[in-house]
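Peer 1: I'm passing along model24.txt; it holds compact mmCIF, C-alpha atoms and all ligand atoms.
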```txt
# COMPACT_ATOMS: atom_id res chain seq x y z
CA MET Y 1 26.21 33.57 1.46
CA ARG Y 2 29.31 31.35 1.63
CA ASN Y 3 28.67 27.90 0.22
CA ARG Y 4 30.54 24.63 -0.05
CA GLU Y 5 29.47 22.04 -2.62
CA TRP Y 6 30.77 18.68 -3.78
CA HIS Y 7 31.98 18.28 -7.36
CA LEU Y 8 32.89 15.11 -9.20
CA VAL Y 9 36.49 15.45 -10.42
CA ARG Y 10 36.55 12.19 -12.39
CA GLN Y 11 34.33 9.17 -12.97
CA PRO Y 12 35.12 6.49 -10.37
CA ALA Y 13 36.53 3.15 -11.51
CA GLY Y 14 35.00 0.47 -9.30
CA LEU Y 15 34.14 1.47 -5.74
CA PRO Y 16 34.35 5.30 -5.58
CA THR Y 17 37.22 6.79 -3.60
CA LEU Y 18 37.43 10.15 -1.85
CA GLN Y 19 39.83 11.31 -4.60
CA ASP Y 20 36.93 11.18 -7.07
CA PHE Y 21 35.30 14.15 -5.28
CA GLU Y 22 36.29 17.73 -4.47
CA LEU Y 23 34.71 20.13 -1.98
CA ALA Y 24 34.54 23.52 -3.74
CA GLU Y 25 33.87 26.90 -2.15
CA THR Y 26 31.52 29.37 -3.83
CA THR Y 27 29.61 32.50 -2.91
CA LEU Y 28 25.88 32.55 -3.49
CA PRO Y 29 24.17 35.71 -4.74
CA ALA Y 30 21.39 37.38 -2.76
CA PRO Y 31 18.01 36.21 -4.06
CA SER Y 32 16.28 38.45 -6.60
CA ASP Y 33 12.53 39.01 -6.76
CA GLY Y 34 10.76 35.64 -7.09
CA GLU Y 35 13.78 33.73 -5.72
CA VAL Y 36 14.49 31.88 -2.48
CA ALA Y 37 17.79 31.28 -0.61
CA VAL Y 38 17.89 27.87 1.10
CA ARG Y 39 20.36 26.48 3.65
CA ASN Y 40 20.41 22.66 3.51
CA ILE Y 41 20.10 20.74 6.79
CA PHE Y 42 20.06 17.12 5.51
CA LEU Y 43 21.55 15.67 2.32
CA SER Y 44 20.57 12.34 0.81
CA VAL Y 45 23.06 9.85 -0.57
CA ASP Y 46 21.50 7.12 -2.70
CA PRO Y 47 22.78 4.12 -4.66
CA TYR Y 48 21.36 5.44 -7.97
CA MET Y 49 23.92 8.26 -7.80
CA ARG Y 50 26.62 5.72 -8.69
CA GLY Y 51 24.95 5.24 -12.08
CA ARG Y 52 25.13 8.98 -12.71
CA MET Y 53 28.91 8.84 -12.15
CA THR Y 54 29.39 6.87 -15.38
CA SER Y 55 28.82 7.70 -19.03
CA ARG Y 56 26.62 4.65 -19.55
CA LYS Y 57 23.31 5.51 -21.16
CA SER Y 58 20.70 5.40 -18.45
CA TYR Y 59 17.41 6.91 -17.33
CA SER Y 60 19.10 10.04 -15.96
CA ALA Y 61 21.98 12.10 -17.33
CA PRO Y 62 25.55 11.59 -16.04
CA TYR Y 63 26.85 14.06 -13.46
CA GLU Y 64 29.10 16.62 -15.16
CA ILE Y 65 32.74 16.70 -14.15
CA GLY Y 66 33.60 19.89 -12.24
CA LYS Y 67 29.95 20.75 -11.60
CA PRO Y 68 28.04 20.38 -8.31
CA LEU Y 69 26.56 16.94 -7.73
CA GLU Y 70 22.80 16.73 -7.32
CA GLY Y 71 20.53 14.74 -5.06
CA GLY Y 72 17.72 14.93 -2.58
CA ALA Y 73 18.03 17.46 0.26
CA ILE Y 74 15.99 19.03 3.00
CA GLY Y 75 16.70 22.68 3.71
CA ARG Y 76 15.43 25.72 5.57
CA VAL Y 77 14.46 28.90 3.72
CA GLU Y 78 16.81 31.69 4.84
CA VAL Y 79 15.60 34.55 2.66
CA SER Y 80 12.50 34.54 0.48
CA LYS Y 81 11.50 36.94 -2.23
CA HIS Y 82 8.90 34.44 -3.46
CA ALA Y 83 5.27 34.78 -2.36
CA ALA Y 84 4.84 31.05 -1.64
CA PHE Y 85 7.76 30.75 0.83
CA LYS Y 86 8.84 32.52 4.01
CA ALA Y 87 12.02 32.39 6.08
CA GLY Y 88 12.06 29.28 8.26
CA ASP Y 89 9.99 27.07 5.91
CA LEU Y 90 11.36 23.53 5.56
CA VAL Y 91 11.62 22.45 1.93
CA SER Y 92 12.77 19.44 -0.05
CA SER Y 93 14.70 19.83 -3.29
CA TYR Y 94 17.13 18.01 -5.58
CA GLN Y 95 19.90 20.53 -4.79
CA GLY Y 96 21.82 18.25 -2.45
CA TRP Y 97 25.61 17.72 -2.06
CA ARG Y 98 25.87 21.45 -1.11
CA GLU Y 99 25.33 23.72 1.87
CA GLY Y 100 23.00 26.19 0.23
CA PHE Y 101 21.53 27.47 -2.99
CA VAL Y 102 19.38 30.18 -4.52
CA THR Y 103 16.46 29.07 -6.67
CA SER Y 104 13.34 30.28 -8.39
CA GLY Y 105 11.26 28.21 -6.00
CA ALA Y 106 9.67 26.15 -8.76
CA ALA Y 107 11.52 22.99 -7.71
CA LEU Y 108 10.95 23.37 -3.95
CA THR Y 109 8.33 21.40 -2.02
CA LYS Y 110 7.32 22.37 1.51
CA ILE Y 111 7.40 19.51 3.99
CA ASP Y 112 5.10 18.91 6.94
CA ALA Y 113 7.50 18.59 9.88
CA ALA Y 114 4.55 17.94 12.22
CA LEU Y 115 4.26 14.46 10.66
CA ALA Y 116 7.88 13.32 11.05
CA PRO Y 117 11.39 14.77 11.52
CA PRO Y 118 12.70 16.54 8.40
CA GLN Y 119 15.15 13.80 7.40
CA ALA Y 120 12.27 11.30 7.11
CA PHE Y 121 11.28 13.14 3.93
CA LEU Y 122 14.45 11.76 2.32
CA GLY Y 123 13.51 8.21 3.29
CA VAL Y 124 10.26 6.75 4.52
CA LEU Y 125 8.24 9.79 3.35
CA GLY Y 126 10.37 10.51 0.29
CA MET Y 127 11.68 8.90 -2.88
CA PRO Y 128 12.69 5.56 -1.24
CA GLY Y 129 9.27 5.21 0.40
CA LEU Y 130 7.50 5.89 -2.88
CA THR Y 131 9.77 3.34 -4.57
CA ALA Y 132 8.74 0.67 -2.08
CA TYR Y 133 5.05 1.54 -2.48
CA VAL Y 134 5.02 1.57 -6.28
CA GLY Y 135 7.26 -1.46 -6.63
CA LEU Y 136 5.25 -3.65 -4.33
CA LEU Y 137 1.70 -2.54 -5.09
CA ASP Y 138 1.81 -1.46 -8.76
CA ILE Y 139 4.70 -3.45 -10.25
CA ALA Y 140 4.54 -6.70 -8.26
CA LYS Y 141 0.78 -6.30 -7.65
CA LEU Y 142 1.07 -7.83 -4.19
CA SER Y 143 -2.06 -9.55 -2.87
CA ASP Y 144 -2.99 -10.08 0.77
CA GLY Y 145 -1.37 -13.06 2.43
CA GLU Y 146 1.29 -13.82 -0.18
CA SER Y 147 4.86 -14.89 0.58
CA VAL Y 148 7.39 -12.10 0.01
CA LEU Y 149 11.18 -12.09 -0.26
CA VAL Y 150 13.04 -8.77 0.07
CA SER Y 151 16.77 -8.33 -0.55
CA GLY Y 152 18.50 -5.28 0.90
CA ALA Y 153 15.73 -5.54 3.47
CA ALA Y 154 17.15 -3.21 6.13
CA GLY Y 155 17.79 -0.29 3.80
CA ALA Y 156 15.72 2.77 2.97
CA VAL Y 157 13.57 1.04 0.35
CA GLY Y 158 13.69 -2.51 1.69
CA SER Y 159 12.56 -1.71 5.23
CA VAL Y 160 9.45 0.03 3.89
CA VAL Y 161 8.74 -2.81 1.45
CA CYS Y 162 8.81 -5.30 4.34
CA GLN Y 163 6.31 -3.30 6.37
CA ILE Y 164 3.86 -2.61 3.55
CA ALA Y 165 3.87 -6.35 2.85
CA LYS Y 166 3.38 -7.19 6.56
CA GLY Y 167 0.46 -4.75 6.60
CA LYS Y 168 -1.16 -6.86 3.88
CA GLY Y 169 -0.86 -9.98 6.00
CA CYS Y 170 2.03 -11.43 4.02
CA ARG Y 171 4.78 -13.70 5.32
CA VAL Y 172 7.93 -11.64 4.76
CA VAL Y 173 11.53 -12.82 4.66
CA GLY Y 174 14.27 -10.20 4.61
CA VAL Y 175 17.83 -10.77 3.38
CA VAL Y 176 20.37 -8.51 5.11
CA GLY Y 177 24.11 -8.14 5.62
CA SER Y 178 24.42 -8.10 9.41
CA GLU Y 179 22.94 -9.49 12.63
CA ASP Y 180 22.17 -5.93 13.82
CA LYS Y 181 20.09 -5.32 10.71
CA ALA Y 182 18.26 -8.63 11.16
CA LYS Y 183 17.57 -7.80 14.81
CA TRP Y 184 16.22 -4.32 14.00
CA LEU Y 185 13.78 -5.72 11.42
CA LEU Y 186 12.62 -8.51 13.74
CA ASP Y 187 12.36 -6.24 16.81
CA HIS Y 188 10.18 -3.80 14.85
CA HIS Y 189 7.97 -6.61 13.44
CA CYS Y 190 8.92 -5.69 9.87
CA ILE Y 191 9.58 -9.31 8.86
CA ASP Y 192 8.83 -12.87 9.91
CA ALA Y 193 12.33 -14.21 9.31
CA ALA Y 194 15.74 -12.75 8.51
CA ILE Y 195 18.61 -14.25 6.54
CA ASN Y 196 22.12 -12.84 6.92
CA TYR Y 197 23.63 -13.49 3.50
CA ARG Y 198 27.15 -12.92 4.81
CA THR Y 199 26.97 -15.84 7.24
CA THR Y 200 24.46 -18.14 5.54
CA PRO Y 201 26.35 -20.90 3.71
CA ASN Y 202 23.58 -21.38 1.12
CA LEU Y 203 21.19 -18.50 0.42
CA ARG Y 204 18.81 -20.63 -1.63
CA LEU Y 205 18.45 -23.25 1.09
CA ALA Y 206 17.95 -20.55 3.72
CA ILE Y 207 15.10 -19.02 1.69
CA GLN Y 208 13.55 -22.44 1.11
CA THR Y 209 13.67 -23.10 4.85
CA ALA Y 210 12.05 -19.75 5.67
CA LEU Y 211 9.43 -20.05 2.90
CA PRO Y 212 8.96 -23.78 2.27
CA GLY Y 213 5.97 -23.23 -0.03
CA GLY Y 214 7.99 -20.92 -2.30
CA VAL Y 215 7.99 -17.18 -2.97
CA ASP Y 216 5.04 -15.36 -4.57
CA VAL Y 217 6.72 -11.94 -4.80
CA THR Y 218 10.39 -11.01 -4.78
CA PHE Y 219 11.38 -7.38 -4.28
CA GLU Y 220 14.88 -7.33 -5.70
CA ASN Y 221 17.27 -4.61 -4.51
CA VAL Y 222 20.61 -6.38 -4.93
CA GLY Y 223 20.86 -8.71 -7.96
CA GLY Y 224 23.72 -11.17 -8.51
CA PRO Y 225 23.53 -14.22 -6.21
CA HIS Y 226 20.45 -12.74 -4.48
CA LEU Y 227 18.47 -12.73 -7.72
CA GLU Y 228 19.63 -16.24 -8.61
CA ALA Y 229 18.45 -17.52 -5.22
CA ALA Y 230 15.14 -15.67 -5.59
CA LEU Y 231 14.43 -17.19 -9.02
CA ALA Y 232 15.32 -20.63 -7.67
CA CYS Y 233 12.82 -20.21 -4.82
CA ALA Y 234 9.99 -18.59 -6.80
CA LYS Y 235 6.64 -20.34 -7.05
CA ASP Y 236 5.14 -21.04 -10.45
CA PHE Y 237 3.69 -17.74 -11.78
CA GLY Y 238 5.67 -15.79 -9.17
CA ARG Y 239 6.50 -12.11 -9.72
CA VAL Y 240 9.81 -10.33 -9.35
CA ALA Y 241 9.92 -6.52 -9.07
CA VAL Y 242 13.43 -5.48 -10.08
CA CYS Y 243 14.06 -2.30 -8.12
CA GLY Y 244 17.84 -2.29 -7.87
CA LEU Y 245 20.95 -4.34 -8.62
CA ILE Y 246 23.37 -2.72 -6.18
CA SER Y 247 25.76 -5.67 -6.13
CA GLY Y 248 26.81 -4.72 -9.66
CA TYR Y 249 26.89 -0.91 -9.48
CA ASN Y 250 30.69 -0.76 -9.04
CA ALA Y 251 31.45 -3.50 -11.55
CA THR Y 252 33.95 -2.52 -14.24
CA GLU Y 253 32.65 -5.14 -16.71
CA ILE Y 254 29.06 -5.86 -17.75
CA THR Y 255 27.66 -8.14 -15.05
CA PRO Y 256 26.31 -11.52 -16.22
CA GLY Y 257 22.61 -12.29 -15.88
CA PRO Y 258 21.31 -14.96 -13.52
CA ARG Y 259 22.69 -18.41 -14.44
CA ASN Y 260 19.25 -19.89 -13.78
CA PHE Y 261 17.44 -17.51 -16.15
CA ALA Y 262 15.61 -20.61 -17.43
CA ASP Y 263 13.52 -20.51 -14.24
CA LEU Y 264 11.64 -17.60 -15.84
CA LEU Y 265 10.43 -19.92 -18.55
CA VAL Y 266 9.97 -23.10 -16.56
CA LYS Y 267 8.08 -21.39 -13.73
CA ARG Y 268 6.26 -18.88 -15.99
CA LEU Y 269 7.56 -15.99 -13.88
CA THR Y 270 6.95 -12.29 -14.44
CA MET Y 271 10.01 -10.11 -13.86
CA ARG Y 272 9.60 -6.36 -14.30
CA GLY Y 273 12.02 -3.53 -13.72
CA PHE Y 274 10.80 -0.06 -12.79
CA ILE Y 275 12.11 3.43 -12.10
CA VAL Y 276 10.35 5.51 -9.49
CA SER Y 277 10.56 8.70 -11.54
CA ASP Y 278 8.03 7.19 -13.97
CA HIS Y 279 5.56 7.03 -11.08
CA TRP Y 280 5.57 10.52 -9.47
CA ASN Y 281 1.82 10.62 -10.15
CA ARG Y 282 1.45 8.11 -7.28
CA MET Y 283 3.00 10.54 -4.78
CA PRO Y 284 -0.33 11.88 -3.40
CA ASP Y 285 -1.66 8.33 -2.84
CA PHE Y 286 1.62 7.29 -1.28
CA LEU Y 287 1.78 10.30 1.06
CA ARG Y 288 -1.84 9.78 2.12
CA ASP Y 289 -1.27 6.09 2.91
CA MET Y 290 2.16 6.56 4.47
CA ALA Y 291 0.94 9.42 6.69
CA GLY Y 292 -1.90 7.15 7.82
CA TRP Y 293 0.49 4.27 8.63
CA ILE Y 294 2.80 6.62 10.53
CA ARG Y 295 -0.04 8.19 12.54
CA ALA Y 296 -1.37 4.71 13.35
CA GLY Y 297 2.08 3.64 14.60
CA LYS Y 298 2.32 1.01 11.85
CA MET Y 299 5.56 2.17 10.23
CA ALA Y 300 8.98 1.96 11.86
CA TRP Y 301 11.99 3.63 10.34
CA THR Y 302 15.47 4.75 11.21
CA GLU Y 303 18.30 6.70 9.65
CA THR Y 304 22.04 6.38 9.71
CA ILE Y 305 23.14 9.98 10.19
CA VAL Y 306 26.64 11.05 9.14
CA GLU Y 307 27.62 14.51 10.42
CA GLY Y 308 29.18 17.25 8.29
CA ILE Y 309 29.28 18.08 4.60
CA GLU Y 310 32.95 16.97 4.55
CA ASN Y 311 31.78 13.38 5.06
CA THR Y 312 29.23 13.23 2.22
CA PRO Y 313 31.40 11.11 -0.14
CA SER Y 314 32.27 8.63 2.61
CA ALA Y 315 28.57 8.35 3.51
CA PHE Y 316 27.86 7.66 -0.16
CA VAL Y 317 30.59 5.01 -0.41
CA GLY Y 318 29.24 3.48 2.83
CA LEU Y 319 26.08 2.45 0.96
CA PHE Y 320 28.16 -0.09 -0.96
CA GLU Y 321 29.76 -1.36 2.23
CA GLY Y 322 26.50 -1.92 4.11
CA LYS Y 323 27.25 0.83 6.62
CA ASN Y 324 23.66 2.05 6.81
CA LEU Y 325 20.64 0.78 8.69
CA GLY Y 326 17.61 2.51 7.20
CA LYS Y 327 18.18 5.67 5.20
CA MET Y 328 21.73 7.05 4.91
CA VAL Y 329 21.68 10.85 5.33
CA VAL Y 330 24.23 13.57 5.98
CA LYS Y 331 23.42 16.19 8.62
CA LEU Y 332 24.78 19.67 8.10
CA SER Y 333 25.46 21.87 11.11
N1 LIG Y 401 14.08 1.55 -9.26
C1 LIG Y 401 14.09 2.72 -8.59
O1 LIG Y 401 13.46 3.69 -9.00
C2 LIG Y 401 14.88 2.82 -7.33
C3 LIG Y 401 14.70 3.88 -6.43
C4 LIG Y 401 15.44 3.87 -5.23
C5 LIG Y 401 16.33 2.86 -4.98
N2 LIG Y 401 16.50 1.87 -5.90
C6 LIG Y 401 17.42 0.75 -5.65
O2 LIG Y 401 16.97 0.07 -4.52
C7 LIG Y 401 18.08 -0.51 -3.84
C8 LIG Y 401 18.06 -0.04 -2.40
O3 LIG Y 401 18.23 1.35 -2.37
P1 LIG Y 401 18.24 2.13 -0.98
O4 LIG Y 401 18.24 3.57 -1.27
O5 LIG Y 401 17.17 1.57 -0.12
O6 LIG Y 401 19.67 1.72 -0.40
P2 LIG Y 401 19.93 1.04 1.00
O7 LIG Y 401 19.35 -0.33 0.95
O8 LIG Y 401 19.46 1.96 2.07
O9 LIG Y 401 21.51 0.97 1.09
C9 LIG Y 401 22.24 0.08 0.33
C10 LIG Y 401 22.35 -1.30 0.99
O10 LIG Y 401 22.59 -2.26 -0.03
C11 LIG Y 401 23.27 -3.36 0.51
N3 LIG Y 401 24.39 -3.71 -0.37
C12 LIG Y 401 25.34 -2.89 -0.84
N4 LIG Y 401 26.19 -3.57 -1.62
C13 LIG Y 401 25.77 -4.86 -1.62
C14 LIG Y 401 26.23 -6.06 -2.23
N5 LIG Y 401 27.31 -6.06 -3.03
N6 LIG Y 401 25.55 -7.20 -2.01
C15 LIG Y 401 24.46 -7.21 -1.21
N7 LIG Y 401 23.96 -6.10 -0.61
C16 LIG Y 401 24.62 -4.95 -0.81
C17 LIG Y 401 23.79 -2.93 1.90
O11 LIG Y 401 22.99 -3.58 2.87
P3 LIG Y 401 23.46 -4.99 3.54
O12 LIG Y 401 24.32 -4.65 4.73
O13 LIG Y 401 22.17 -5.62 3.90
O14 LIG Y 401 24.24 -5.71 2.50
C18 LIG Y 401 23.54 -1.44 1.93
O15 LIG Y 401 23.30 -0.97 3.22
C19 LIG Y 401 19.32 -0.09 -4.62
O16 LIG Y 401 19.66 -1.11 -5.52
C20 LIG Y 401 18.85 1.14 -5.37
O17 LIG Y 401 19.60 1.39 -6.52
C21 LIG Y 401 15.81 1.84 -7.07
```
Would you kindly transcribe this structure into structure tokens?

Peer 2:
Amino acid sequence: MRNREWHLVRQPAGLPTLQDFELAETTLPAPSDGEVAVRNIFLSVDPYMRGRMTSRKSYSAPYEIGKPLEGGAIGRVEVSKHAAFKAGDLVSSYQGWREGFVTSGAALTKIDAALAPPQAFLGVLGMPGLTAYVGLLDIAKLSDGESVLVSGAAGAVGSVVCQIAKGKGCRVVGVVGSEDKAKWLLDHHCIDAAINYRTTPNLRLAIQTALPGGVDVTFENVGGPHLEAALACAKDFGRVAVCGLISGYNATEITPGPRNFADLLVKRLTMRGFIVSDHWNRMPDFLRDMAGWIRAGKMAWTETIVEGIENTPSAFVGLFEGKNLGKMVVKLS
């Protein structure tokens, strides 16, 4: 089986460029007994991948130069010599950034395409959905009726956060980077108010106007000025779940902390970071609840679909330019 796969040729400096990546051609072997050959149909690109393109010590190992990149993917089994899989099965894996692969089957999970289209298992029903669920319910310990602020609100994680919070009767304010994103969230009843940080002259004042009583729970996806504004608007004893700090992922120097860090002390705030991979044990609960919300028509989602494996790096870079509404995925023909 002919295969094309993306390699990292060097670690990007700042915003990645297309020259940091190379599309390599390989030939895959036929599967042996106990193995499965998979043809990918959707690839995931995610902000965390930027962290794996550096040598900084982190929670997952750096991508190796000259080796295939990894990431979430949905594929179709082409040939199976494994008892648990048959040709045509749809499976999720972490063997993304490539057209196909041969595997032992141990790291494949079958998906239930009757519940949602396959690409949803990279977003609302996948890792980003679980991140929203764990971050809001376990880390921030959201209670019914609280006031919630979500940055990166129209993305894969943020849009699910907003809706889980709305489902708990919360007042939800979403911070986004475009009017289209604000409109989508409002039209789908994901939030009560939207703030476009690109056009708002003062983010802190805009949050105070939308949530005059202050913020109980912040779900932080962005960091930088967003986190400063969130701390400034937090209620006493408020909680901040630090999910992501995307505004600093391409920084070439260590990014400074919030200038108003003292708000943590003065307001007796709790701020806790988390990584979804520490919480895979919550996947069955998440899938049960998310399937219920989807079947009840209580969960809206969308994807930004980029066509063709050739465009995977530009889809990835697009995450840092706000080019996605909902989950950014690459569709392979
Ligand atoms: N802790 C975990 O385990 C975990 C797991 C998954 C994701 N995350 C984090 O969660 C966050 C969201 O991830 P996602 O997969 O849902 O991505 P996403 O929100 O679907 O896509 C990224 C979005 O971030 C916004 N953005 C990019 N650069 C920005 C900047 N400099 N300032 C403000 N906004 C910026 C853009 O939206 P706008 O147009 O609105 O600016 C962009 O569309 C990321 O920080 C990610 O690293 C953490």

Peer 1: Looking at Y:Pro313, Y:Gly174, Y:Gly96, Y:Gly169, which one is nearest to ligand LIG 401 (chain Y), with distances taken over only C-alpha atoms and all ligand atoms?

Peer 2: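 Of all the options, Y:Gly174 lies closest to ligand LIG 401 (chain Y).
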
Peer 1: List all protein, DNA and RNA residues that have an atom no more than 8 Å from any atom of ligand LIG 401 (chain Y), counting only C-alpha atoms and all ligand atoms, and report them as a ChimeraX atom specification.

Peer 2: /Y:45-48,127-128,131,135,151-159,175-178,181,196-197,220-224,226,242-248,273-277,318-328

Peer 1: Can you write out as JSON lines which residues of segment 18-73 of chain Y fall within 9 Å of segment 83-92 of chain Y, alongside each residue's closest atom pair and its distance in Å to one decimal, counting all atoms listed in the file and ordering rows by chain and ascending residue number?

Peer 2:
```
{"residue": "Y:Gly34", "atom": "CA", "partner": "Y:Ala83", "partner_atom": "CA", "distance": 7.3}
{"residue": "Y:Val36", "atom": "CA", "partner": "Y:Phe85", "partner_atom": "CA", "distance": 7.6}
{"residue": "Y:Ala37", "atom": "CA", "partner": "Y:Ala87", "partner_atom": "CA", "distance": 8.9}
{"residue": "Y:Val38", "atom": "CA", "partner": "Y:Val91", "partner_atom": "CA", "distance": 8.3}
{"residue": "Y:Asn40", "atom": "CA", "partner": "Y:Val91", "partner_atom": "CA", "distance": 8.9}
{"residue": "Y:Gly72", "atom": "CA", "partner": "Y:Ser92", "partner_atom": "CA", "distance": 7.2}
{"residue": "Y:Ala73", "atom": "CA", "partner": "Y:Ser92", "partner_atom": "CA", "distance": 5.6}
```

Peer 1: Quick one: pull the distance between atom CA of Ala251 of chain Y and atom CA of Cys233 of chain Y, Å, one decimal.

Peer 2: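 Answer for the atom CA of Ala251 of chain Y to atom CA of Cys233 of chain Y separation: 25.9 Å.
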
Peer 1: Quick one: residues within 10 Å of Thr27 of chain Y, all atoms listed in the file counted, chain neighbours fewer than 6 positions away excluded, as a PyMOL selection string?

Peer 2: chain Y and resi 1-4+100-101

Peer 1: Selected residues, C-alpha atoms, written as a PDB file, in the frame of the given file, please.

Peer 2:
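out_26.pdb written:
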```pdb
ATOM      1  CA  MET Y   1      26.210  33.570   1.460  1.00  0.00           C
ATOM      2  CA  ARG Y   2      29.310  31.350   1.630  1.00  0.00           C
ATOM      3  CA  ASN Y   3      28.670  27.900   0.220  1.00  0.00           C
ATOM      4  CA  ARG Y   4      30.540  24.630  -0.050  1.00  0.00           C
ATOM      5  CA  GLY Y 100      23.000  26.190   0.230  1.00  0.00           C
ATOM      6  CA  PHE Y 101      21.530  27.470  -2.990  1.00  0.00           C
TER       7      PHE Y 101
END
```
